[in-house]
$ cat coords_37.txt   # compact mmCIF, C-alpha atoms
# COMPACT_ATOMS: atom_id res chain seq x y z
CA MET A 913 -58.96 -64.27 123.99
CA GLU A 914 -59.46 -65.66 127.45
CA ASN A 915 -55.74 -65.66 128.21
CA GLU A 916 -55.08 -62.08 127.01
CA PRO A 917 -54.54 -59.64 129.86
CA VAL A 918 -57.08 -56.88 130.19
CA GLN A 919 -55.59 -53.40 130.15
CA SER A 920 -56.77 -51.02 132.78
CA MET A 921 -57.96 -47.50 131.89
CA SER A 922 -54.88 -45.88 133.42
CA GLU A 923 -52.57 -48.08 131.29
CA MET A 924 -54.54 -47.17 128.15
CA LYS A 925 -54.20 -43.45 128.93
CA LYS A 926 -50.43 -43.85 129.45
CA ASN A 927 -49.97 -45.63 126.12
CA SER A 928 -52.14 -43.20 124.14
CA GLY A 929 -50.19 -40.28 125.66
CA LYS A 930 -46.91 -41.76 124.39
CA GLY A 931 -48.34 -42.03 120.87
CA LEU A 932 -49.48 -38.43 120.95
CA TRP A 933 -46.05 -37.16 122.01
CA LEU A 934 -44.39 -39.34 119.40
CA SER A 935 -46.64 -37.81 116.69
CA VAL A 936 -45.96 -34.26 117.87
CA GLY A 937 -42.22 -34.91 117.95
CA LEU A 938 -42.31 -36.37 114.44
CA ILE A 939 -44.18 -33.32 113.12
CA ILE A 940 -41.63 -30.97 114.71
CA VAL A 941 -38.72 -32.87 113.15
CA VAL A 942 -40.38 -32.74 109.70
CA LEU A 943 -40.96 -28.98 110.05
CA ILE A 944 -37.32 -28.38 111.01
CA VAL A 945 -36.08 -30.41 108.04
CA VAL A 946 -38.38 -28.50 105.65
CA TYR A 947 -37.27 -25.16 107.10
CA VAL A 948 -33.57 -25.99 106.81
CA PHE A 949 -33.95 -27.35 103.26
CA TRP A 950 -36.05 -24.37 102.12
CA GLY A 951 -33.62 -21.89 103.69
CA LYS A 952 -30.60 -23.46 101.95
CA ASN A 953 -32.32 -23.48 98.55
CA ARG A 954 -33.44 -19.89 98.94
CA ASN A 955 -29.92 -18.72 99.83
CA ALA A 956 -28.40 -20.72 96.97
CA SER A 957 -30.70 -19.06 94.44
CA ASP A 958 -29.84 -15.64 95.86
CA GLU A 959 -26.17 -16.28 95.09
CA ILE A 960 -26.79 -16.98 91.39
CA THR A 961 -26.39 -13.80 89.40
CA THR A 962 -26.40 -13.07 85.72
CA PRO A 963 -25.06 -9.90 84.18
CA THR A 964 -27.86 -7.53 83.24
CA PRO A 965 -28.00 -4.10 81.70
CA THR A 966 -28.01 -1.09 84.02
CA VAL A 967 -31.54 -0.15 85.11
CA SER A 968 -32.74 2.77 87.19
CA VAL A 969 -36.23 3.93 88.16
CA SER A 970 -37.10 7.46 89.16
CA THR A 971 -40.12 9.55 89.96
CA ALA A 972 -38.03 12.73 90.29
CA SER A 973 -36.93 15.05 87.52
CA PRO A 974 -33.62 14.22 85.79
CA THR A 975 -30.36 15.50 87.30
CA PRO A 976 -28.22 17.93 85.30
CA PRO A 977 -25.20 16.51 83.44
CA SER A 978 -21.93 16.35 85.34
CA VAL A 979 -19.17 18.84 84.58
CA VAL A 980 -15.64 17.69 83.72
CA THR A 981 -12.89 20.01 84.94
CA PRO A 982 -9.78 20.44 82.77
CA GLY A 983 -6.91 18.21 83.87
CA THR A 984 -9.13 15.43 85.17
CA GLU A 985 -9.66 11.99 83.69
CA ALA A 986 -11.22 11.87 80.23
CA PRO A 987 -14.93 11.00 80.36
CA THR A 988 -16.10 7.60 79.19
CA PRO A 989 -17.74 7.49 75.75
CA THR A 990 -21.11 9.19 75.76
CA ALA A 991 -24.15 7.00 75.46
CA LYS A 992 -26.66 7.58 72.67
CA THR A 993 -29.58 8.77 74.79
CA PHE A 994 -33.24 8.36 73.91
CA THR A 995 -36.48 9.03 75.75
CA VAL A 996 -39.36 6.73 74.87
CA ILE A 997 -42.80 7.92 75.95
CA GLY A 998 -45.11 5.08 76.96
CA LYS A 999 -48.83 5.61 77.11
CA ASN A 1000 -51.74 3.26 76.76
CA PHE A 1001 -50.87 0.94 73.88
CA SER A 1002 -48.19 3.01 72.12
CA PHE A 1003 -44.57 4.09 72.32
CA SER A 1004 -43.15 7.29 70.88
CA PRO A 1005 -40.81 7.25 69.03
CA THR A 1006 -41.45 3.92 67.31
CA GLU A 1007 -37.96 3.80 65.79
CA ILE A 1008 -34.48 4.26 67.28
CA LYS A 1009 -31.30 4.12 65.14
CA VAL A 1010 -27.78 3.52 66.50
CA LYS A 1011 -24.47 2.14 65.25
CA LYS A 1012 -22.97 -1.20 66.25
CA GLY A 1013 -20.81 -0.71 69.35
CA ASP A 1014 -22.76 2.33 70.60
CA THR A 1015 -23.68 2.49 74.25
CA VAL A 1016 -27.44 3.05 74.24
CA LYS A 1017 -29.33 4.68 77.08
CA ILE A 1018 -33.15 4.53 76.88
CA THR A 1019 -35.36 6.26 79.41
CA LEU A 1020 -38.95 5.03 79.47
CA GLN A 1021 -41.21 7.87 80.55
CA ASN A 1022 -44.65 6.53 81.44
CA THR A 1023 -47.54 8.92 80.89
CA GLY A 1024 -50.44 6.51 81.45
CA GLY A 1025 -51.06 3.02 82.79
CA THR A 1026 -48.45 0.45 83.81
CA HIS A 1027 -45.71 -0.35 81.30
CA ASP A 1028 -42.18 -1.63 80.77
CA LEU A 1029 -39.75 -1.73 77.85
CA VAL A 1030 -38.15 -5.00 76.69
CA ILE A 1031 -35.56 -5.80 74.01
CA ASP A 1032 -35.04 -9.56 74.13
CA GLU A 1033 -31.91 -9.75 71.95
CA PHE A 1034 -29.93 -7.44 74.26
CA ASN A 1035 -31.37 -8.81 77.53
CA VAL A 1036 -32.87 -5.38 78.21
CA ARG A 1037 -35.87 -5.02 80.50
CA THR A 1038 -37.04 -2.10 82.60
CA PRO A 1039 -39.14 -2.81 85.65
CA ARG A 1040 -42.88 -2.20 85.24
CA ILE A 1041 -43.57 1.38 86.15
CA LYS A 1042 -46.72 3.37 86.82
CA SER A 1043 -47.90 6.62 85.27
CA GLY A 1044 -45.56 9.51 86.14
CA GLU A 1045 -42.53 7.27 86.72
CA THR A 1046 -39.43 6.76 84.57
CA ALA A 1047 -37.03 3.84 84.18
CA THR A 1048 -33.68 3.88 82.40
CA VAL A 1049 -31.71 1.05 80.83
CA GLU A 1050 -28.21 1.21 79.37
CA PHE A 1051 -26.57 -1.42 77.15
CA VAL A 1052 -24.09 -1.84 74.28
CA ALA A 1053 -25.61 -2.43 70.84
CA ASP A 1054 -23.18 -5.19 69.86
CA LYS A 1055 -25.30 -6.82 67.11
CA ILE A 1056 -26.35 -5.45 63.72
CA GLY A 1057 -29.98 -5.80 62.76
CA GLN A 1058 -33.52 -4.71 63.53
CA PHE A 1059 -34.81 -5.54 66.99
CA GLU A 1060 -38.32 -5.00 68.32
CA TYR A 1061 -38.79 -3.24 71.63
CA TYR A 1062 -42.14 -3.75 73.30
CA CYS A 1063 -44.22 -3.57 76.47
CA SER A 1064 -44.55 -7.02 78.08
CA VAL A 1065 -47.73 -6.24 80.04
CA THR A 1066 -50.33 -8.77 78.88
CA GLY A 1067 -51.95 -7.67 75.63
CA HIS A 1068 -50.05 -4.39 75.21
CA ARG A 1069 -47.65 -5.65 72.52
CA ALA A 1070 -50.52 -7.14 70.52
CA MET A 1071 -52.33 -3.80 70.73
CA GLY A 1072 -49.36 -2.02 69.12
CA MET A 1073 -47.16 -1.04 72.05
CA LYS A 1074 -43.88 -1.71 70.24
CA GLY A 1075 -41.11 -0.04 68.32
CA LEU A 1076 -37.97 -0.88 66.35
CA LEU A 1077 -34.32 -0.56 67.41
CA ILE A 1078 -32.15 -0.44 64.28
CA VAL A 1079 -28.45 -1.17 64.77
CA GLU A 1080 -26.32 -0.40 61.67
$ encode --input "coords_37.txt" --output "structure tokens"
Amino acid sequence: MENEPVQSMSEMKKNSGKGLWLSVGLIIVVLIVVYVFWGKNRNASDEITTPTPTVSVSTASPTPPSVVTPGTEAPTPTAKTFTVIGKNFSFSPTEIKVKKGDTVKITLQNTGGTHDLVIDEFNVRTPRIKSGETATVEFVADKIGQFEYYCSVTGHRAMGMKGLLIVE
């Protein structure tokens, strides 16, 4: 201990200042790396898309059907159209029947609360909508069977907010 040089106060201040700047620089580098990594992952997930049924949400009244003039292209096959009324803990109607291969268009008309309409087997899901709003989904009924449609808001399905899509 006797042979160790004694550091003056000014030398101690210099050395502690270097450590502080080194720590700040290290923190900045870590933040930049995190930002770059997070940004790349976020952009990569934005590029992943899966095909989903057509969905539209509206608070306005429906538009009138389009008119086809003679001599123009033939219209695409008409969708089987249904309006399902959603209110607190029930759907009306509770049964929809279509044929295999039909294009099905369901408009959820919400008259109370917050609701959506889900059919798992056809990857159909409307967004959650509030009272007075409507949401429309369109899909092809390409499987025969009976498929439950329901509201996925917590507890609503268990309280009876469901119906049956029958594809023959």
$ atom_distance --input "coords_37.txt" --atom1 "atom CA of A:Phe994" --atom2 "atom CA of A:Thr1066"
24.7 Å
$ residues_around --input "coords_37.txt" --residues "A:Gly1067" --least-positions-apart "4" --cutoff "12 Å" --atoms "only C-alpha atoms" --output "list in words"
Asn1000, Phe1001, Ser1002, His1027, Tyr1062, Cys1063, Met1071, Gly1072, Met1073 and Lys1074 of chain A
$ axis_aligned_box --input "coords_37.txt" --around "stretch 999-1015 of chain A" --padding-each-side "4 Å" --output "JSON"
{"center_x": -36.3, "center_y": 3.0, "center_z": 71.1, "size_x": 38.9, "size_y": 16.5, "size_z": 20.0}
$ closest_residue --input "coords_37.txt" --among "A:Lys1012, A:Lys1055, A:Arg1040, A:Lys1017" --to "A:Thr990" --atoms "all atoms listed in the file"
A:Lys1017
